[in-house]
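**Q** What follows is the file input.txt, containing compact mmCIF, C-alpha atoms:
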```txt
# COMPACT_ATOMS: atom_id res chain seq x y z
CA MET G 297 -7.44 -0.86 27.55
CA ALA G 298 -9.50 -3.96 27.46
CA LYS G 299 -7.45 -7.09 27.79
CA ALA G 300 -6.14 -8.32 24.46
CA LYS G 301 -8.01 -11.41 23.41
CA PRO G 302 -6.16 -13.88 21.18
CA ARG G 303 -8.00 -16.02 18.69
CA VAL G 304 -6.38 -18.92 16.87
CA LYS G 305 -7.60 -21.25 14.17
CA VAL G 306 -5.79 -24.59 13.97
CA PRO G 307 -7.20 -27.81 12.45
CA LYS G 308 -8.13 -30.42 15.09
CA SER G 309 -6.35 -33.21 13.28
CA ALA G 310 -3.88 -33.71 10.45
CA ASP G 311 -1.96 -36.41 8.64
CA LYS G 312 1.63 -37.05 9.68
CA ASP G 313 4.00 -34.40 8.24
CA GLU G 314 1.09 -32.55 6.70
CA VAL G 315 1.63 -28.80 6.26
CA ILE G 316 -1.30 -27.01 7.86
CA THR G 317 -2.31 -23.36 7.81
CA ILE G 318 -2.66 -21.52 11.10
CA LYS G 319 -4.55 -18.24 11.42
CA THR G 320 -4.17 -15.99 14.43
CA LEU G 321 -5.76 -12.73 15.45
CA ILE G 322 -5.42 -10.73 18.64
CA SER G 323 -7.50 -7.73 19.62
CA HIS G 324 -5.07 -4.88 20.16
CA LYS G 325 -5.18 -1.23 19.10
CA MET G 326 -1.49 -1.22 17.97
CA GLU G 327 -1.01 2.45 18.80
CA SER G 328 1.71 3.49 16.35
CA GLY G 329 3.16 6.48 18.22
CA GLN G 330 2.57 8.61 15.11
CA ARG G 331 -0.88 9.84 16.07
CA LYS G 332 -1.68 12.94 18.11
CA ASP G 333 -4.55 13.47 20.52
CA LYS G 334 -6.93 16.42 20.15
CA ASP G 335 -4.56 18.74 22.05
CA GLY G 336 -1.74 17.95 19.65
CA ASN G 337 0.27 15.79 22.04
CA PRO G 338 1.68 12.60 20.55
CA ILE G 339 -0.01 9.42 21.78
CA PRO G 340 2.72 7.09 23.07
CA ARG G 341 3.44 3.96 21.07
CA GLN G 342 1.95 0.74 22.38
CA ILE G 343 2.05 -2.24 20.08
CA ILE G 344 2.55 -5.96 20.15
CA ASN G 345 6.18 -6.26 19.13
CA LYS G 346 6.68 -10.00 18.92
CA PHE G 347 4.72 -13.11 18.13
CA THR G 348 5.97 -16.66 18.47
CA CYS G 349 4.52 -20.06 17.68
CA GLU G 350 6.00 -23.25 19.13
CA PHE G 351 5.06 -26.87 18.65
CA ASN G 352 5.85 -29.15 21.61
CA GLY G 353 8.39 -26.56 22.77
CA LYS G 354 10.18 -26.30 19.40
CA PRO G 355 10.05 -23.01 17.46
CA VAL G 356 7.88 -23.08 14.34
CA PHE G 357 7.40 -19.48 13.37
CA SER G 358 7.96 -16.09 14.90
CA CYS G 359 7.50 -12.54 13.81
CA ASP G 360 8.79 -9.12 14.88
CA LEU G 361 6.03 -6.56 14.48
CA GLU G 362 6.54 -2.86 13.83
CA PRO G 363 4.07 0.02 14.24
CA ALA G 364 3.14 -0.37 10.56
CA ILE G 365 1.10 -3.48 11.39
CA SER G 366 -2.64 -2.82 11.47
CA ALA G 367 -4.73 -2.79 14.61
CA ASN G 368 -5.85 -6.26 15.72
CA PRO G 369 -2.78 -7.90 14.17
CA TYR G 370 -3.63 -10.84 11.97
CA LEU G 371 -1.07 -13.46 11.04
CA GLU G 372 -1.42 -16.46 8.81
CA PHE G 373 1.38 -18.96 8.37
CA SER G 374 1.97 -22.66 7.94
CA ALA G 375 3.37 -25.43 10.10
CA LYS G 376 4.42 -29.01 9.59
CA VAL G 377 2.89 -31.52 11.98
CA PRO G 378 5.25 -34.46 12.65
CA GLU G 379 3.29 -35.83 15.63
CA SER G 380 0.34 -35.14 17.91
CA GLY G 381 1.01 -32.25 20.20
CA VAL G 382 0.31 -28.74 21.34
CA PHE G 383 0.87 -25.45 19.54
CA THR G 384 1.73 -22.59 21.89
CA PHE G 385 1.15 -19.04 20.68
CA THR G 386 2.64 -16.06 22.49
CA TRP G 387 2.25 -12.33 21.90
CA LEU G 388 4.50 -9.77 23.64
CA ASP G 389 3.20 -6.28 24.32
CA ASP G 390 5.33 -3.09 24.56
CA ASP G 391 4.05 -2.65 28.13
CA GLY G 392 5.49 -6.02 29.14
CA SER G 393 2.25 -7.99 29.05
CA VAL G 394 2.37 -11.48 27.60
CA TYR G 395 -0.70 -12.99 26.01
CA SER G 396 -0.70 -16.65 25.15
CA THR G 397 -2.95 -19.45 24.09
CA GLU G 398 -2.61 -23.12 23.19
CA SER G 399 -4.13 -25.40 20.64
CA LYS G 400 -4.01 -29.20 20.49
CA ILE G 401 -3.67 -31.18 17.29
CA LYS G 402 -3.98 -34.92 16.73
CA VAL G 403 -2.09 -36.83 14.04
CA ASN G 404 -4.21 -39.52 12.43
CA MET C 212 11.29 40.94 -20.98
CA ASN C 213 7.88 40.27 -22.35
CA ILE C 214 6.62 36.76 -22.66
CA THR C 215 4.11 36.15 -25.40
CA ARG C 216 1.28 33.74 -24.83
CA ARG C 217 2.93 31.32 -27.25
CA GLN C 218 6.16 31.33 -25.25
CA ALA C 219 4.34 30.90 -21.96
CA LEU C 220 2.56 27.82 -23.31
CA ALA C 221 5.82 26.35 -24.56
CA LEU C 222 7.42 26.92 -21.15
CA GLY C 223 4.53 25.25 -19.37
CA ALA C 224 4.67 22.24 -21.66
CA GLY C 225 8.42 21.96 -21.14
CA ALA C 226 8.07 22.09 -17.38
CA ALA C 227 5.40 19.38 -17.51
CA VAL C 228 7.68 17.10 -19.51
CA VAL C 229 10.51 17.64 -17.04
CA THR C 230 8.40 16.80 -13.99
CA MET C 231 6.89 13.75 -15.65
CA THR C 232 10.28 12.32 -16.54
CA ALA C 233 11.79 13.17 -13.16
CA LEU C 234 9.01 11.75 -10.99
CA PRO C 235 9.21 8.05 -11.84
CA ARG C 236 12.95 8.14 -11.25
CA LEU C 237 12.34 9.65 -7.81
CA SER C 238 9.89 6.95 -6.83
CA LEU C 239 12.38 4.27 -7.85
CA ALA C 240 15.11 5.67 -5.63
CA ASP C 241 14.88 4.18 -2.17
CA THR C 242 15.44 6.37 0.85
CA ASP C 243 18.50 5.79 3.02
CA ALA C 244 16.43 4.09 5.69
CA VAL C 245 15.08 1.57 3.18
CA LYS C 246 18.55 0.94 1.74
CA ALA C 247 19.94 0.45 5.24
CA ALA C 248 17.20 -2.04 6.07
CA ILE C 249 17.83 -4.02 2.86
CA ASP C 250 21.60 -3.97 3.50
CA ALA C 251 21.07 -5.19 7.05
CA MET C 252 19.28 -8.23 5.65
CA ALA C 253 21.55 -8.80 2.67
CA GLY C 254 24.83 -8.13 4.49
CA GLY C 255 26.16 -6.03 1.64
CA ALA C 256 25.20 -8.40 -1.17
CA THR C 257 22.74 -7.26 -3.82
CA PRO C 258 19.50 -9.20 -3.39
CA GLU C 259 18.41 -11.19 -6.40
CA VAL C 260 14.92 -10.36 -7.65
CA ALA C 261 13.63 -13.94 -7.77
CA ASN C 262 11.83 -16.67 -5.85
CA VAL C 263 9.85 -14.23 -3.70
CA THR C 264 6.21 -13.53 -4.46
CA LEU C 265 4.74 -10.53 -2.71
CA THR C 266 0.99 -10.31 -3.07
CA ALA C 267 -0.68 -7.01 -2.26
CA PRO C 268 -3.67 -5.18 -3.70
CA GLU C 269 -2.88 -2.82 -6.57
CA ILE C 270 -5.18 -0.21 -5.06
CA ALA C 271 -5.81 -0.10 -1.32
CA GLU C 272 -8.85 2.01 -0.47
CA ASN C 273 -8.03 2.10 3.19
CA GLY C 274 -4.36 2.40 4.13
CA ASN C 275 -5.15 1.23 7.67
CA THR C 276 -5.50 -2.42 6.74
CA VAL C 277 -3.74 -3.56 3.60
CA PRO C 278 -3.52 -7.36 3.34
CA ILE C 279 -0.17 -8.64 2.13
CA THR C 280 1.08 -12.16 1.53
CA VAL C 281 4.67 -13.14 1.01
CA ALA C 282 5.61 -16.56 -0.32
CA ILE C 283 9.10 -17.83 -1.01
CA ASP C 284 9.93 -20.70 -3.28
CA SER C 285 12.02 -22.95 -1.03
CA PRO C 286 12.26 -26.69 -0.27
CA MET C 287 12.12 -25.87 3.49
CA THR C 288 14.30 -28.83 4.47
CA ASP C 289 16.72 -28.85 7.40
CA ASP C 290 19.61 -27.94 5.05
CA ASP C 291 17.92 -25.35 2.89
CA TYR C 292 15.16 -23.20 4.23
CA VAL C 293 14.15 -19.56 4.45
CA THR C 294 15.25 -18.09 7.77
CA ASP C 295 14.05 -14.48 7.73
CA VAL C 296 11.77 -12.35 5.62
CA THR C 297 11.52 -8.61 6.17
CA ILE C 298 8.66 -6.52 4.84
CA LEU C 299 9.45 -2.85 4.20
CA ALA C 300 7.18 0.02 3.24
CA ALA C 301 9.32 2.57 1.41
CA GLY C 302 7.02 5.55 1.98
CA ASN C 303 6.00 5.11 5.61
CA PRO C 304 7.40 7.34 8.38
CA SER C 305 9.52 4.35 9.38
CA PRO C 306 10.05 1.68 6.72
CA GLY C 307 9.98 -1.47 8.88
CA VAL C 308 6.72 -3.41 8.83
CA ALA C 309 7.45 -6.91 10.03
CA THR C 310 10.11 -9.60 10.07
CA PHE C 311 9.03 -13.21 9.80
CA HIS C 312 11.32 -15.92 11.15
CA PHE C 313 10.76 -19.34 9.65
CA THR C 314 12.11 -22.73 10.64
CA PRO C 315 12.08 -26.09 8.81
CA MET C 316 9.06 -26.82 11.03
CA SER C 317 7.15 -24.08 9.17
CA GLY C 318 6.67 -26.44 6.24
CA SER C 319 6.39 -23.64 3.72
CA ALA C 320 7.74 -20.10 3.71
CA GLU C 321 4.51 -18.24 3.40
CA ALA C 322 2.87 -15.69 5.67
CA THR C 323 0.01 -13.22 5.51
CA THR C 324 -0.65 -10.15 7.61
CA ARG C 325 -2.32 -6.76 7.41
CA MET C 326 -0.31 -3.57 7.33
CA ARG C 327 -0.67 0.21 7.45
CA LEU C 328 0.40 2.34 4.49
CA ALA C 329 0.68 6.13 4.84
CA LYS C 330 0.46 6.85 1.10
CA THR C 331 0.96 5.34 -2.34
CA GLN C 332 4.31 3.60 -2.23
CA ASP C 333 6.41 0.50 -2.87
CA VAL C 334 6.22 -2.47 -0.55
CA ILE C 335 9.40 -4.54 -0.49
CA ALA C 336 10.03 -8.08 0.74
CA VAL C 337 13.58 -9.27 1.38
CA ALA C 338 14.16 -12.95 2.14
CA LYS C 339 17.25 -14.69 3.47
CA THR C 340 17.86 -18.44 3.26
CA SER C 341 19.93 -20.72 5.49
CA THR C 342 22.37 -21.16 2.58
CA GLY C 343 23.08 -17.42 2.58
CA LYS C 344 21.12 -16.42 -0.52
CA VAL C 345 19.15 -13.18 -0.49
CA TYR C 346 16.07 -12.61 -2.63
CA MET C 347 13.63 -9.75 -2.92
CA ASP C 348 10.45 -8.57 -4.56
CA ARG C 349 8.66 -5.23 -4.66
CA LYS C 350 5.20 -4.09 -5.46
CA THR C 351 3.60 -0.66 -5.76
CA VAL C 352 0.38 -0.17 -3.84
CA LYS C 353 -1.85 2.83 -4.52
CA VAL C 354 -3.42 4.13 -1.34
CA THR C 355 -6.62 6.20 -1.40
CA ILE C 356 -6.84 7.04 2.30
CA GLY C 357 -3.58 6.95 4.25
CA GLY C 358 -3.38 4.91 7.42
CA CYS C 359 -0.88 6.54 9.75
CA GLY C 360 -3.11 8.71 11.91
CA GLY C 361 -2.95 12.45 11.37
```
Turn the structure described in the file into structure tokens.
**A**
Amino acid sequence: MAKAKPRVKVPKSADKDEVITIKTLISHKMESGQRKDKDGNPIPRQIINKFTCEFNGKPVFSCDLEPAISANPYLEFSAKVPESGVFTFTWLDDDGSVYSTESKIKVN
Amino acid sequence: MNITRRQALALGAGAAVVTMTALPRLSLADTDAVKAAIDAMAGGATPEVANVTLTAPEIAENGNTVPITVAIDSPMTDDDYVTDVTILAAGNPSPGVATFHFTPMSGSAEATTRMRLAKTQDVIAVAKTSTGKVYMDRKTVKVTIGGCGG
């Protein structure tokens, strides 16, 4: 399949200790393993099974995903920003691939 | 034995009453898999129906992408915060949907995602706090077109 492309929306700046909202989306078909192809054979499961968000190396939020999550998994959550730094987002695929992206934020 | 038309009608009406009273009770009963998943979170305790707000559409036209938001009323301090929230879909082939792990760095215990629903069913959120409390909420979502392949 085409390489999964992560997209993340994080504000560029925030006040100290402000709680911001982060939106993430990654293009992935999230094959559930329940579907069958036209010959009746089950299509093997291939999903993103874990998502993590870290801020300056410290865990902020993570999520275990099951096949019941829609294609192109979308996640929205919040984070507290104590200082300027970098958010690191990581998605783990069933096939072992790791997709990640980073986003900088500045505290005013 | 001959059944008159009057008797046949009475029988039919009786059967209808029986099915109508039996059905809601069936939908309230969780399957073993759902119970097991709730128990795994609660550790045997009965979750309190409070503090959790599960937001989902009443009617989902397309079961392939149903937006859901879960928000837990919590101070989210280092001593008292929500650690895990599990979303379960009682009528899917496998009930697990997602488990969110929060930290005090999350700021607020709220998350949104999009899920698949195979048919009309209950969606359940179970939340666990760092102080050992377990809360839950459930919501019925009507699904017009199921979203689990087929």
**Q** Set the distance at 7 Å and use all atoms listed in the file: which residues neighbour segment 306-321 of chain G once local chain neighbours fewer than 6 positions away are removed? I'd like the list as a ChimeraX atom specification.
**A** /G:368-379,399-404 /C:318
**Q** Looking at only C-alpha atoms, which of G:Pro302, G:Gly381, G:Gly336, G:Gly392 is the one that sits closest to chain C?
**A** G:Gly336
**Q** Please identify all polymer residues within 10 Å of segment 336-340 of chain C, counting all atoms listed in the file, omitting same-chain residues fewer than 4 positions from it, and present them as number ranges by chain.
**A** C: 248-250, 252-253, 258-265, 280-283, 285, 287, 290-300, 308-313, 320, 344-350
**Q** Give one line per residue of chain C that approaches chain G to at most 7 Å, naming the two atoms of the closest pair and their distance in Å to one decimal, counting all atoms listed in the file; sort by chain then ascending residue number and deliver it as a Markdown table.
**A**
```
| residue | atom | partner | partner_atom | distance |
| --- | --- | --- | --- | --- |
| C:Asn275 | CA | G:Ser366 | CA | 6.1 |
| C:Thr276 | CA | G:Ser366 | CA | 5.5 |
| C:Gly307 | CA | G:Glu362 | CA | 6.2 |
| C:Val308 | CA | G:Ala364 | CA | 5.0 |
| C:Ala309 | CA | G:Leu361 | CA | 4.7 |
| C:Thr310 | CA | G:Asp360 | CA | 5.0 |
| C:Phe311 | CA | G:Cys359 | CA | 4.3 |
| C:His312 | CA | G:Ser358 | CA | 5.0 |
| C:Phe313 | CA | G:Phe357 | CA | 5.0 |
| C:Thr314 | CA | G:Val356 | CA | 5.6 |
| C:Met316 | CA | G:Val356 | CA | 5.1 |
| C:Ser317 | CA | G:Ala375 | CA | 4.1 |
| C:Gly318 | CA | G:Lys376 | CA | 4.8 |
| C:Ser319 | CA | G:Ser374 | CA | 6.2 |
| C:Glu321 | CA | G:Phe373 | CA | 5.9 |
| C:Ala322 | CA | G:Phe373 | CA | 4.5 |
| C:Thr323 | CA | G:Glu372 | CA | 4.8 |
| C:Thr324 | CA | G:Leu371 | CA | 4.8 |
| C:Arg325 | CA | G:Ser366 | CA | 5.7 |
| C:Met326 | CA | G:Ile365 | CA | 4.3 |
| C:Arg327 | CA | G:Ala364 | CA | 5.0 |
| C:Cys359 | CA | G:Gln330 | CA | 6.7 |
| C:Gly360 | CA | G:Arg331 | CA | 4.9 |
| C:Gly361 | CA | G:Arg331 | CA | 5.8 |
```
**Q** Next, dump the selected residues to file, keeping only C-alpha atoms, as a PDB file, keeping the file's coordinate frame.
**A**
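What ended up in part_17.pdb:
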```pdb
ATOM      1  CA  ASN C 275      -5.150   1.230   7.670  1.00  0.00           C
ATOM      2  CA  THR C 276      -5.500  -2.420   6.740  1.00  0.00           C
ATOM      3  CA  GLY C 307       9.980  -1.470   8.880  1.00  0.00           C
ATOM      4  CA  VAL C 308       6.720  -3.410   8.830  1.00  0.00           C
ATOM      5  CA  ALA C 309       7.450  -6.910  10.030  1.00  0.00           C
ATOM      6  CA  THR C 310      10.110  -9.600  10.070  1.00  0.00           C
ATOM      7  CA  PHE C 311       9.030 -13.210   9.800  1.00  0.00           C
ATOM      8  CA  HIS C 312      11.320 -15.920  11.150  1.00  0.00           C
ATOM      9  CA  PHE C 313      10.760 -19.340   9.650  1.00  0.00           C
ATOM     10  CA  THR C 314      12.110 -22.730  10.640  1.00  0.00           C
ATOM     11  CA  MET C 316       9.060 -26.820  11.030  1.00  0.00           C
ATOM     12  CA  SER C 317       7.150 -24.080   9.170  1.00  0.00           C
ATOM     13  CA  GLY C 318       6.670 -26.440   6.240  1.00  0.00           C
ATOM     14  CA  SER C 319       6.390 -23.640   3.720  1.00  0.00           C
ATOM     15  CA  GLU C 321       4.510 -18.240   3.400  1.00  0.00           C
ATOM     16  CA  ALA C 322       2.870 -15.690   5.670  1.00  0.00           C
ATOM     17  CA  THR C 323       0.010 -13.220   5.510  1.00  0.00           C
ATOM     18  CA  THR C 324      -0.650 -10.150   7.610  1.00  0.00           C
ATOM     19  CA  ARG C 325      -2.320  -6.760   7.410  1.00  0.00           C
ATOM     20  CA  MET C 326      -0.310  -3.570   7.330  1.00  0.00           C
ATOM     21  CA  ARG C 327      -0.670   0.210   7.450  1.00  0.00           C
ATOM     22  CA  CYS C 359      -0.880   6.540   9.750  1.00  0.00           C
ATOM     23  CA  GLY C 360      -3.110   8.710  11.910  1.00  0.00           C
ATOM     24  CA  GLY C 361      -2.950  12.450  11.370  1.00  0.00           C
TER      25      GLY C 361
END
```
**Q** Grab the atom CA of Ser305 of chain C to atom CA of Ala244 of chain C distance for me, in Å with one decimal place.
**A**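 Atom CA of Ser305 of chain C sits 7.8 Å away from atom CA of Ala244 of chain C.
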**Q** In Å, with one decimal, what is the gap from atom CA of Ala300 of chain G to atom CA of Lys325 of chain G?
**A**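 The value is 8.9 Å.
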**Q** At what distance in Å, to one decimal, does atom CA of Gly343 of chain C lie from atom CA of Pro286 of chain C?
**A** 14.5 Å
**Q** Report as a ChimeraX atom specification all protein, DNA and RNA residues lying within 12 Å of Asp391 of chain G, evaluated on all atoms listed in the file, omitting residues in the same chain fewer than 6 positions from it.
**A** /G:297,326-327,340-345
